[in-house]
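Data block below; observations after.
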Amino acid sequence: MTTDTLPARKRGVSLSALTDNSQIVLIGLLAVLCIGISLAAPQFYSPDNAIAILRQCALVLIVAVGMTMLLVAGEVDLSVGASLAFTGCVAMDVTNRTHSVVLGALAALAFSGAVGLFNGLVVTRLKINSLIATIATMMILQGGVYLYTREAVQNHHLLDAFTAIGAGYVGPVPIPVIIAAVIFAVGYVTLRFTLFGRYLYAVGANLRAARLSGLRAERLKLLAFVITGLLVGVAGLILASLMNAGQPTAGRGFELTVIAAVILGGTSLAGGRGTLFGTLLGVLVLKIVDNGIIILRWNQDLQMVVPGLVIILATWLDIVRRRNDAR
Amino acid sequence: FAEKMPKKVGYVVNYATHEWYQNVIKGMKDRAAQLGFEVEVKDANLDAAKQIAAAEDFMSQGVDVLIITPVNEDAVVPLLRRAKQENMPIVLEGNPVKGMTTLVAICDYDTGYHAGVEAGKYAKEHLGGKAKVMNVGLPLLSATVLRSNGFMDGIKTEVPDAVMVHDLDGGGNPDRSFEVSAAALAQNGDVNVIYGINDSSSLGGLQAWKAAGKSQDDLLVVGTGGEGLAFINAIEKEPSYKIEAAMFPEKVGFTAIDAAVKLYNKEEVPSWIVSPTTPMLGDGWKKYYSVDGNVRTINWDAVNAVKAPDKCMKTAADLKK
Amino acid sequence: MPQSPSLSASGSASPGLARILFRRSEIGLVVALLAVILFFALASDTFLTVRNLTNVLGQASLAMIAGVGVAIVFISGEVDVSVGSLVAAVAIPLITVMNATESLALGIAAALALGLCVGIVNGFLAAYLGINSLITTLGTLFILRGGVYLYTGQKAIPDDVMLESFFQLGNGRLFEVVPYPALIAFALLLVFAYVMRHRTFGRKVYAVGGNPEVARLAGYDVKRVKFTCFIISSLLATVSGILLASRLGSAVHVAGLGFEFQVVAAVVLGGVSLSGGVGSLFGAALGVLILSFLSNGLGMLDLATEWQLVITGFIIIAAVGFDEWKRRQP
Amino acid sequence: MHAETLTRNEAIPLDVPALAMRGIGKRFPGVVALDGVDLTLMPGKVHALMGENGAGKSTLIKILAGVYGKDSGTIAIGGVETELKTPRDALKKGIKVVFQEIALISEFTVAENIFLEEYPRRADGSIAWKTIRAEAKALFDRIGFAVDPAARTGDLPVSQQQMVEIARALAHEAKIVVMDEPTSSLTPKEVELLFVVIRRLTALGIAVVYVSHKLDEVFEISDTVTVLRDGRHISTKPIGEHTHDSLIHDMIGRRIENLFPRSRTGSAGKVALSVEGLSTDTKLKDVSFEARAGEVLGFFGLMGAGRTELAKAIVGYDPIRTGRITIDGTALKPHDTRTAVSLGIGLLTEDRKLEGLMLELPVQQNMSLAALSSFAKAGFVDEGSERSAVQSFVDRFRVKTPSLFQPIKNLSGGNQQKVLLARWLMRGLKVIVVDEPTRGIDVGAKSEIFALIDRLAGEGLAVIMMTSEMPELLGLSDRIAVMAEGRLTATFSREEATQERILNAAIA
Ligand SMILES: Nc1ncnc2c1ncn2[C@@H]1O[C@H](COP(=O)(O)OP(=O)(O)OP(=O)(O)O)[C@@H](O)[C@H]1O
Ligand SMILES: Nc1ncnc2c1ncn2[C@@H]1O[C@H](COP(=O)(O)OP(=O)(O)OP(=O)(O)O)[C@@H](O)[C@H]1O
Ligand SMILES: [Mg+2]
Ligand SMILES: [Mg+2]
């Protein structure tokens, strides 16, 4: 009896030391998923599949970086899915007209940045709750994209550089993954180490206190919306390149995937709390679940059910962990 | 003998922002203009409840005939009942519904089937007689399931040991199709035929193939619908994109209007009017369409010459068994 | 100054219907609704007919019934977005049981049982386990929709017995004029508006949403109040689902896609705050009506869908923006 | 039934302790909040609970109210041992608490808040709104409290909200009434009202616990005093056995020589802040004054006189209609806190929770907020120097916190206030506006804050202090400005100022 309790207590200590890391639940979940899936389907670890997963993650992660900043600042953007589709059409259209990838990319960024600016202005100037404001923007963009083009904007320019953005490789690594990695790194440093990042947390945690301390709270939020917009532009460009067309029907449900990943990563909806590392883990978990279901040849309808369960489960485990930490 | 013309026909479309239905509407409006009346369109935007509401609104506005493309076939049964109570003639487009009087439809199964037969021939000739199919499908709708089933049955007539390696749900949209195809190809890339239930699906599958760095040399891509410019672009530029199952949406609209006029005049109308489809191989699309810049024009003579079967080989009713 | 949802300042008048209806914060909504109606009455000659107006009431009733429940959850300081999938899910037991037993009552009971279960799960996860309710209900939104697809194999389940009573429920009209769904919606609205104002439970919901800590200190079982709100919301969404199933004559796997957005937008438009404790059910109902008349009217104008989407988007921004602006005025 | 709540309950025996808490222990992560504390209440007596910020008073009260569970110890009510697991348990046992943080639903009317715990109902079970209004009115009349029961609670100034809270504790039958710093934002007149009410309660045999940092009040109202320090029980004595000094000594373990130190000798310097003809759309009317470097300018006014509004307007937080604000000769852009802060003016707000604290964030983030840019090089924050600066302020101000990473919501009110003051001092200002700087702060910390204000002024800062505490106003200010109904009615020099003249000007 007594010999049993001693190591048990020790284990308890080492476990609680581990749980100090706030992302422990997700890391654990990720490990369980990877091991579980690869046991059942060895192809999971094939380079092809790894690349496919990473490329999918890239698209979500790029936008999730901005969304994390927004949520930290206490706002949210539901229009990213609709904006993604629209931006892709703009990118392709402008590239077709100008035969310049640079101009196409700039047009995409300008467009999506403008959408971000619009959202930001509506939220900060008209003081509309961002959830409802960006639902409205989503409707406007969904309607707008069909006014702009009814059909997919085809690639008429045939510029290799354009195709490379989404489908190219540097060595064995797909270019979108590199872009996402760079954006993630920059975003991580920004949120964690810069004045701007620290201010975003302050604005999300207590808007009035931030304003009284001389922070331009509205400007900061606006900037977070614009950054999110610009990142949607990057993602839209990649998507257009991958699809080899600007697709007005793309991006349906994309906003929910992004937000789900960010929340799964431990970012609070109430503002003031969250990390990009968590977001990265959240994206990985969701996309690996998605991929695993196909690899395992399960019924694809589970691609809705399982993420739903995972999000609830992970959030609950996080609550349990924090409660234990507090003891 | 001169037919009476209705004053106004209302069309409740499933999803007006889709190019397929855009062309259906175009066919309707063109035909109605020829005959000298008006077609008004309300969009259900994939919402079954909104569809009922739109039809209700039309009935209270007093249109003479209703044309409906159901969001879901079972979901318009009560609507047909109410229309019958109010003596409102209804033409359905798409799929048969319990209690309907007249349907204008393509045969989804047959469309897939004939494309499958052509794909089988191509496989015998160019792919060493092997057919390993990745179906970028959409299980949500019975019509698209029929196309996939038809395609597999058709291809097997030529290549009896053809197999479906992947049966995917691409959601009918390009980015989702891309995503699931990429995962499926990573799991098992031993595929030489990609079939898409619409052009977005086949193109999504093809893009995933290209993104995986695979050569298109021993690949055949088959698309369905042929409603926009996307497939023309693909056939021109992608070496593997060889077959497109054309469904002539304009013709569907044209036929639906004719049926509406007949119903309005209380003429005898067959309960199932089939609108023709046909596989187009390689450059074959040029026979039916001409393209000038971004404008596509239908060649009515050629399309009207395509013979439609009297009856579909299989219908949604066969799926339920 | 925003008017409180509780006792208004006018001293002695009895808290009758008129006073409830004419609370100041709702006047703006009433005006907006009248403006929408007036505009379309002038713009379209088929808009202002009894038939069309009653049509819209019937169409709005689904969102209104679910909206009452969602508004109650919002007022309690939580969120429920699972209603979109729930309206599709409850049709399955409803239709299946009716097909098996030929009894409408048993079908409805089965649907309500499923709704109750979902409410219990949402409430348990959100209120008792403390999982953020947006996450919880987003999760159940996905799970239910996926479950419906899995169960039905992505096919609708048709109503084989075709009971007249079931058909009448969603499609019939009282005296050939007022659609039954509208009557049901109005009755439920009145009942819950009464509960929210004149029963302790309703006041507890406002208190819990207004300040959960204070509510706890006042001896309320905060978790149970929230739990109950989720159940109410799910049951009301179930009623919407039953009426929808009657209008669709089947259990349709794609029914209610995006319904949650529609309801949330309407409820927020109606002045129910996402942060809890603020808003009224009449406001929420007015929000639903405004959006319904807007959608109907734009349809009458023969506008393309894309324009309808764009215009609705701008109108939501304008309306909520105006409301916020008004609220900020001293 | 509710009308009779203020009559003596014969069932309460006067010789059995109304409450006996024994050996109560409670820990929070990293903090032992209570360590074996005893508290015995006798019916009909007022028992004061004293101690520094963070001593554990509120924690003890929250255990009594069923808000927190205790880790150890026993609680007996009327001689019967009980467990108080939830607030509901405590309410049922007749324990009514006026919490330190205002606990009202701001969207509800005053009357509804009064009856939040139990609504009077009609026979059919629906809420008797008429009864609620009538009884609230009757209750207010009885305790001499003039507020409209139909007003929205959130619209009331803090002081009135506090009165509503107090009234609420009386609306239902109680055996024990606990008041945690009830007077922290009351005016002297309201405090008098409150004392009348307390005396009436004790006459009915109700036991009262009274927590306050204001020694004078404690000496006036209480029968017995229990002192806590660092979560431990220090002493329980009849009030008659205490002097000011002995009580302070029990509380902080040392003596305070001079509560209002005055090290400044030289006269005030040049004008640091000048306000000319300031009016707002809401309350302020044509306010003009100057504040000089090195002086403390006190502002006095009755509740609602407009001091808080003035403070918020001059730091650019609220919009103004007309007027000119200059700092060191540079005109301030109105309604722009950023230029205000960069010109060197900052505000320590009255409402810590709503406008000061970032509750979920750690002490460090909270303290460095305003000064953060000074730790930044090329946009990057140098966390090393940030941490050492924060640590030095924590040491200097004796902020009681287990670490710099502790979420600030877990600190006691006084310690939170010190962190917020440090937020501005770290930034370095020319003018600091402090609105009720000592609200809810213990004598020890108060004397530290006074010394600090004195030192800051000595270092050439202009300090503008809005306060309702006459002693600290008179003790600290070099000049005193008095406001009434949004106007500046008088300005006195230190020599001219007397309590009477100030009050007269405030009523004018
Ligand atoms: N919820 C909590 N979590 C962690 N620590 C807490 C919590 N509540 C209180 N504490 C800590 O417990 C100690 C006692 O706090 P308490 O609020 O009881 O002090 P107090 O005597 O009421 O002080 P004050 O006079 O400032 O109100 C403090 O050190 C405080 O930081
Ligand atoms: N009628 C009112 N409606 C809403 N808020 C009010 C009202 N009157 C006062 N307040 C708020 O109450 C607080 C105090 O008001 P004000 O600035 O007028 O008085 P003060 O002189 O600072 O008095 P004190 O701070 O002692 O209450 C401020 O935050 C103010 O905004
Ligand atoms: Mg305290
Ligand atoms: Mg004040």
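Identifiers in this document derive from the order of the structure tokens: chains are assigned A, B, ..., residues are numbered from 1 separately in each chain, and ligands are numbered from 1 in order of occurrence.
For Ile231 in chain C, the set of protein, DNA and RNA residues having any atom at most 7 Å away, when counting only C-alpha atoms and skipping those fewer than 2 positions along the same chain, is Leu116, Gly119, Ile120, Gly123, Phe227, Thr228, Cys229, Ser233, Ser234 and Leu235 of chain C.
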* Expected selection as a list in words for ligand 4 within 8 Å, only C-alpha atoms and all ligand atoms ->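 These are the residues that qualify: Met303, Gly304, Gly306, Arg307, Thr308, Glu309, Glu350, Asp435, Glu436, Met466 and Thr467 of chain D.
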* Asked: Can you list every residue in range 14-230 of chain A that DSSP puts in alpha helix (DSSP H), as a PyMOL selection string?
  -> chain A and resi 14-18+24-40+47-72+80-98+101-125+130-148+160-167+175-193+195-205+207-212+217-230
* Asked: Once you count only C-alpha atoms and all ligand atoms, which residues end up within 10 Å of ligand 2, and could you hand them over as a PyMOL selection string?
  -> (chain C and resi 1+330) or (chain D and resi 151-161+185-187+282-284+299-312+349-351+435-436+466-469+482-486)
Residues contacting ligand 1 - anything with an atom at most 7 Å away, using only C-alpha atoms and all ligand atoms - can you give me those as a PDB file with N, CA and C atoms, in the first residue's frame?
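That gives us out27.pdb:
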```pdb
ATOM      1  N   PHE D  28      -5.486  30.802  -1.198  1.00  0.00           N
ATOM      2  CA  PHE D  28      -5.582  30.954  -2.639  1.00  0.00           C
ATOM      3  C   PHE D  28      -4.230  30.577  -3.200  1.00  0.00           C
ATOM      4  N   PRO D  29      -4.132  30.331  -4.501  1.00  0.00           N
ATOM      5  CA  PRO D  29      -2.823  29.960  -5.051  1.00  0.00           C
ATOM      6  C   PRO D  29      -1.766  30.990  -4.644  1.00  0.00           C
ATOM      7  N   VAL D  31      -1.189  32.297  -1.833  1.00  0.00           N
ATOM      8  CA  VAL D  31      -1.552  33.213  -0.750  1.00  0.00           C
ATOM      9  C   VAL D  31      -2.294  32.450   0.343  1.00  0.00           C
ATOM     10  N   VAL D  32      -1.878  32.672   1.582  1.00  0.00           N
ATOM     11  CA  VAL D  32      -2.720  32.197   2.677  1.00  0.00           C
ATOM     12  C   VAL D  32      -3.566  33.401   3.086  1.00  0.00           C
ATOM     13  N   ALA D  33      -4.824  33.382   2.692  1.00  0.00           N
ATOM     14  CA  ALA D  33      -5.670  34.548   2.951  1.00  0.00           C
ATOM     15  C   ALA D  33      -6.140  34.566   4.396  1.00  0.00           C
ATOM     16  N   GLY D  51      -8.089  45.840   9.570  1.00  0.00           N
ATOM     17  CA  GLY D  51      -6.850  45.248   9.072  1.00  0.00           C
ATOM     18  C   GLY D  51      -6.418  45.935   7.797  1.00  0.00           C
ATOM     19  N   GLU D  52      -5.148  45.727   7.495  1.00  0.00           N
ATOM     20  CA  GLU D  52      -4.606  46.342   6.277  1.00  0.00           C
ATOM     21  C   GLU D  52      -5.289  45.779   5.036  1.00  0.00           C
ATOM     22  N   ASN D  53      -4.993  46.373   3.913  1.00  0.00           N
ATOM     23  CA  ASN D  53      -5.425  45.794   2.649  1.00  0.00           C
ATOM     24  C   ASN D  53      -4.819  44.411   2.525  1.00  0.00           C
ATOM     25  N   GLY D  54      -5.654  43.477   2.169  1.00  0.00           N
ATOM     26  CA  GLY D  54      -5.145  42.122   1.990  1.00  0.00           C
ATOM     27  C   GLY D  54      -5.035  41.344   3.281  1.00  0.00           C
ATOM     28  N   ALA D  55      -5.543  41.916   4.372  1.00  0.00           N
ATOM     29  CA  ALA D  55      -5.451  41.204   5.649  1.00  0.00           C
ATOM     30  C   ALA D  55      -6.368  39.982   5.666  1.00  0.00           C
ATOM     31  N   GLY D  56      -7.404  40.026   4.876  1.00  0.00           N
ATOM     32  CA  GLY D  56      -8.294  38.878   4.810  1.00  0.00           C
ATOM     33  C   GLY D  56      -9.720  39.169   5.242  1.00  0.00           C
ATOM     34  N   LYS D  57     -10.041  40.440   5.423  1.00  0.00           N
ATOM     35  CA  LYS D  57     -11.379  40.794   5.898  1.00  0.00           C
ATOM     36  C   LYS D  57     -12.459  40.352   4.910  1.00  0.00           C
ATOM     37  N   SER D  58     -12.278  40.746   3.679  1.00  0.00           N
ATOM     38  CA  SER D  58     -13.309  40.411   2.692  1.00  0.00           C
ATOM     39  C   SER D  58     -13.407  38.910   2.502  1.00  0.00           C
ATOM     40  N   THR D  59     -12.272  38.249   2.583  1.00  0.00           N
ATOM     41  CA  THR D  59     -12.298  36.793   2.428  1.00  0.00           C
ATOM     42  C   THR D  59     -13.117  36.150   3.540  1.00  0.00           C
ATOM     43  N   LEU D  60     -12.898  36.625   4.748  1.00  0.00           N
ATOM     44  CA  LEU D  60     -13.657  36.084   5.880  1.00  0.00           C
ATOM     45  C   LEU D  60     -15.158  36.314   5.660  1.00  0.00           C
ATOM     46  N   GLY D 231      -3.851  37.620   7.354  1.00  0.00           N
ATOM     47  CA  GLY D 231      -4.675  36.418   7.457  1.00  0.00           C
ATOM     48  C   GLY D 231      -4.737  35.830   8.851  1.00  0.00           C
ATOM     49  N   LYS D 400       1.510  43.962  -2.088  1.00  0.00           N
ATOM     50  CA  LYS D 400       1.473  42.584  -1.618  1.00  0.00           C
ATOM     51  C   LYS D 400       0.986  41.663  -2.738  1.00  0.00           C
ATOM     52  N   THR D 401       1.921  40.985  -3.364  1.00  0.00           N
ATOM     53  CA  THR D 401       1.544  40.048  -4.426  1.00  0.00           C
ATOM     54  C   THR D 401       2.556  38.912  -4.444  1.00  0.00           C
ATOM     55  N   ASN D 410      -6.633  39.058  -8.358  1.00  0.00           N
ATOM     56  CA  ASN D 410      -6.451  38.365  -7.092  1.00  0.00           C
ATOM     57  C   ASN D 410      -5.834  39.238  -6.007  1.00  0.00           C
ATOM     58  N   LEU D 411      -5.506  40.474  -6.328  1.00  0.00           N
ATOM     59  CA  LEU D 411      -4.945  41.356  -5.305  1.00  0.00           C
ATOM     60  C   LEU D 411      -6.049  42.069  -4.541  1.00  0.00           C
ATOM     61  N   SER D 412      -5.733  42.469  -3.319  1.00  0.00           N
ATOM     62  CA  SER D 412      -6.725  43.236  -2.566  1.00  0.00           C
ATOM     63  C   SER D 412      -6.825  44.636  -3.148  1.00  0.00           C
ATOM     64  N   GLY D 413      -7.923  45.294  -2.837  1.00  0.00           N
ATOM     65  CA  GLY D 413      -8.218  46.595  -3.429  1.00  0.00           C
ATOM     66  C   GLY D 413      -7.094  47.601  -3.250  1.00  0.00           C
ATOM     67  N   GLY D 414      -6.544  47.649  -2.055  1.00  0.00           N
ATOM     68  CA  GLY D 414      -5.490  48.616  -1.791  1.00  0.00           C
ATOM     69  C   GLY D 414      -4.272  48.356  -2.647  1.00  0.00           C
ATOM     70  N   ASN D 415      -3.942  47.112  -2.766  1.00  0.00           N
ATOM     71  CA  ASN D 415      -2.780  46.773  -3.578  1.00  0.00           C
ATOM     72  C   ASN D 415      -3.029  47.047  -5.049  1.00  0.00           C
ATOM     73  N   GLY D 440     -11.149  52.870  -0.223  1.00  0.00           N
ATOM     74  CA  GLY D 440     -10.933  51.467   0.098  1.00  0.00           C
ATOM     75  C   GLY D 440      -9.499  51.127   0.437  1.00  0.00           C
ATOM     76  N   ILE D 441      -8.752  52.101   0.935  1.00  0.00           N
ATOM     77  CA  ILE D 441      -7.338  51.830   1.197  1.00  0.00           C
ATOM     78  C   ILE D 441      -7.054  51.946   2.689  1.00  0.00           C
ATOM     79  N   ASP D 442      -6.212  51.045   3.205  1.00  0.00           N
ATOM     80  CA  ASP D 442      -5.991  51.012   4.650  1.00  0.00           C
ATOM     81  C   ASP D 442      -5.102  52.162   5.108  1.00  0.00           C
TER      82      ASP D 442
END
```
Identify, on the basis of only C-alpha atoms, every residue whose closest approach to Tyr113 in chain B does not exceed 7 Å; exclude the query and any residue fewer than 2 positions from it along the same chain; express the result as an mmCIF file with all heavy atoms, in the first residue's frame.
```cif
data_model
loop_
_atom_site.group_PDB
_atom_site.id
_atom_site.type_symbol
_atom_site.label_atom_id
_atom_site.label_comp_id
_atom_site.auth_asym_id
_atom_site.auth_seq_id
_atom_site.Cartn_x
_atom_site.Cartn_y
_atom_site.Cartn_z
ATOM 1 N N TYR B 109 -28.221 10.325 -64.455
ATOM 2 C CA TYR B 109 -27.552 9.038 -64.564
ATOM 3 C C TYR B 109 -27.036 8.841 -65.983
ATOM 4 O O TYR B 109 -25.870 8.495 -66.190
ATOM 5 C CB TYR B 109 -28.507 7.912 -64.162
ATOM 6 C CG TYR B 109 -27.881 6.542 -64.245
ATOM 7 C CD1 TYR B 109 -27.188 6.023 -63.152
ATOM 8 C CD2 TYR B 109 -27.961 5.775 -65.418
ATOM 9 C CE1 TYR B 109 -26.594 4.772 -63.224
ATOM 10 C CE2 TYR B 109 -27.378 4.539 -65.493
ATOM 11 C CZ TYR B 109 -26.696 4.026 -64.396
ATOM 12 O OH TYR B 109 -26.106 2.795 -64.471
ATOM 13 N N ASP B 110 -27.890 9.106 -66.952
ATOM 14 C CA ASP B 110 -27.502 8.902 -68.353
ATOM 15 C C ASP B 110 -26.325 9.797 -68.718
ATOM 16 O O ASP B 110 -25.419 9.391 -69.452
ATOM 17 C CB ASP B 110 -28.667 9.230 -69.295
ATOM 18 C CG ASP B 110 -29.914 8.432 -68.956
ATOM 19 O OD1 ASP B 110 -30.113 8.173 -67.760
ATOM 20 O OD2 ASP B 110 -30.658 8.077 -69.900
ATOM 21 N N THR B 111 -26.349 11.038 -68.201
ATOM 22 C CA THR B 111 -25.267 11.963 -68.500
ATOM 23 C C THR B 111 -23.939 11.389 -68.040
ATOM 24 O O THR B 111 -22.952 11.358 -68.777
ATOM 25 C CB THR B 111 -25.526 13.311 -67.781
ATOM 26 O OG1 THR B 111 -26.832 13.751 -68.117
ATOM 27 C CG2 THR B 111 -24.510 14.349 -68.193
ATOM 28 N N ALA B 115 -20.806 9.785 -70.464
ATOM 29 C CA ALA B 115 -19.443 10.287 -70.259
ATOM 30 C C ALA B 115 -18.541 9.143 -69.838
ATOM 31 O O ALA B 115 -17.374 9.048 -70.263
ATOM 32 C CB ALA B 115 -19.447 11.392 -69.211
ATOM 33 N N GLY B 116 -19.100 8.227 -69.019
ATOM 34 C CA GLY B 116 -18.327 7.067 -68.557
ATOM 35 C C GLY B 116 -17.924 6.177 -69.714
ATOM 36 O O GLY B 116 -16.783 5.705 -69.801
ATOM 37 N N VAL B 117 -18.861 5.970 -70.636
ATOM 38 C CA VAL B 117 -18.556 5.122 -71.798
ATOM 39 C C VAL B 117 -17.402 5.731 -72.586
ATOM 40 O O VAL B 117 -16.434 5.043 -72.949
ATOM 41 C CB VAL B 117 -19.809 4.964 -72.692
ATOM 42 C CG1 VAL B 117 -19.439 4.271 -73.984
ATOM 43 C CG2 VAL B 117 -20.893 4.200 -71.947
ATOM 44 N N GLY B 150 -23.703 6.717 -62.617
ATOM 45 C CA GLY B 150 -23.780 6.528 -64.055
ATOM 46 C C GLY B 150 -22.391 6.448 -64.666
ATOM 47 O O GLY B 150 -22.108 5.596 -65.512
ATOM 48 N N PHE B 151 -21.522 7.319 -64.201
ATOM 49 C CA PHE B 151 -20.168 7.342 -64.753
ATOM 50 C C PHE B 151 -19.479 5.998 -64.528
ATOM 51 O O PHE B 151 -18.885 5.434 -65.445
ATOM 52 C CB PHE B 151 -19.361 8.467 -64.106
ATOM 53 C CG PHE B 151 -17.975 8.596 -64.667
ATOM 54 C CD1 PHE B 151 -17.754 9.241 -65.883
ATOM 55 C CD2 PHE B 151 -16.882 8.063 -64.007
ATOM 56 C CE1 PHE B 151 -16.477 9.348 -66.407
ATOM 57 C CE2 PHE B 151 -15.595 8.165 -64.528
ATOM 58 C CZ PHE B 151 -15.398 8.815 -65.742
ATOM 59 N N ASP B 153 -20.845 3.072 -63.950
ATOM 60 C CA ASP B 153 -21.480 2.008 -64.740
ATOM 61 C C ASP B 153 -21.082 2.122 -66.203
ATOM 62 O O ASP B 153 -20.833 1.109 -66.874
ATOM 63 C CB ASP B 153 -23.008 2.074 -64.590
ATOM 64 C CG ASP B 153 -23.444 1.694 -63.181
ATOM 65 O OD1 ASP B 153 -22.579 1.165 -62.432
ATOM 66 O OD2 ASP B 153 -24.611 1.942 -62.816
ATOM 67 N N GLY B 154 -20.990 3.353 -66.695
ATOM 68 C CA GLY B 154 -20.640 3.556 -68.095
ATOM 69 C C GLY B 154 -19.214 3.116 -68.385
ATOM 70 O O GLY B 154 -18.931 2.433 -69.370
#
```
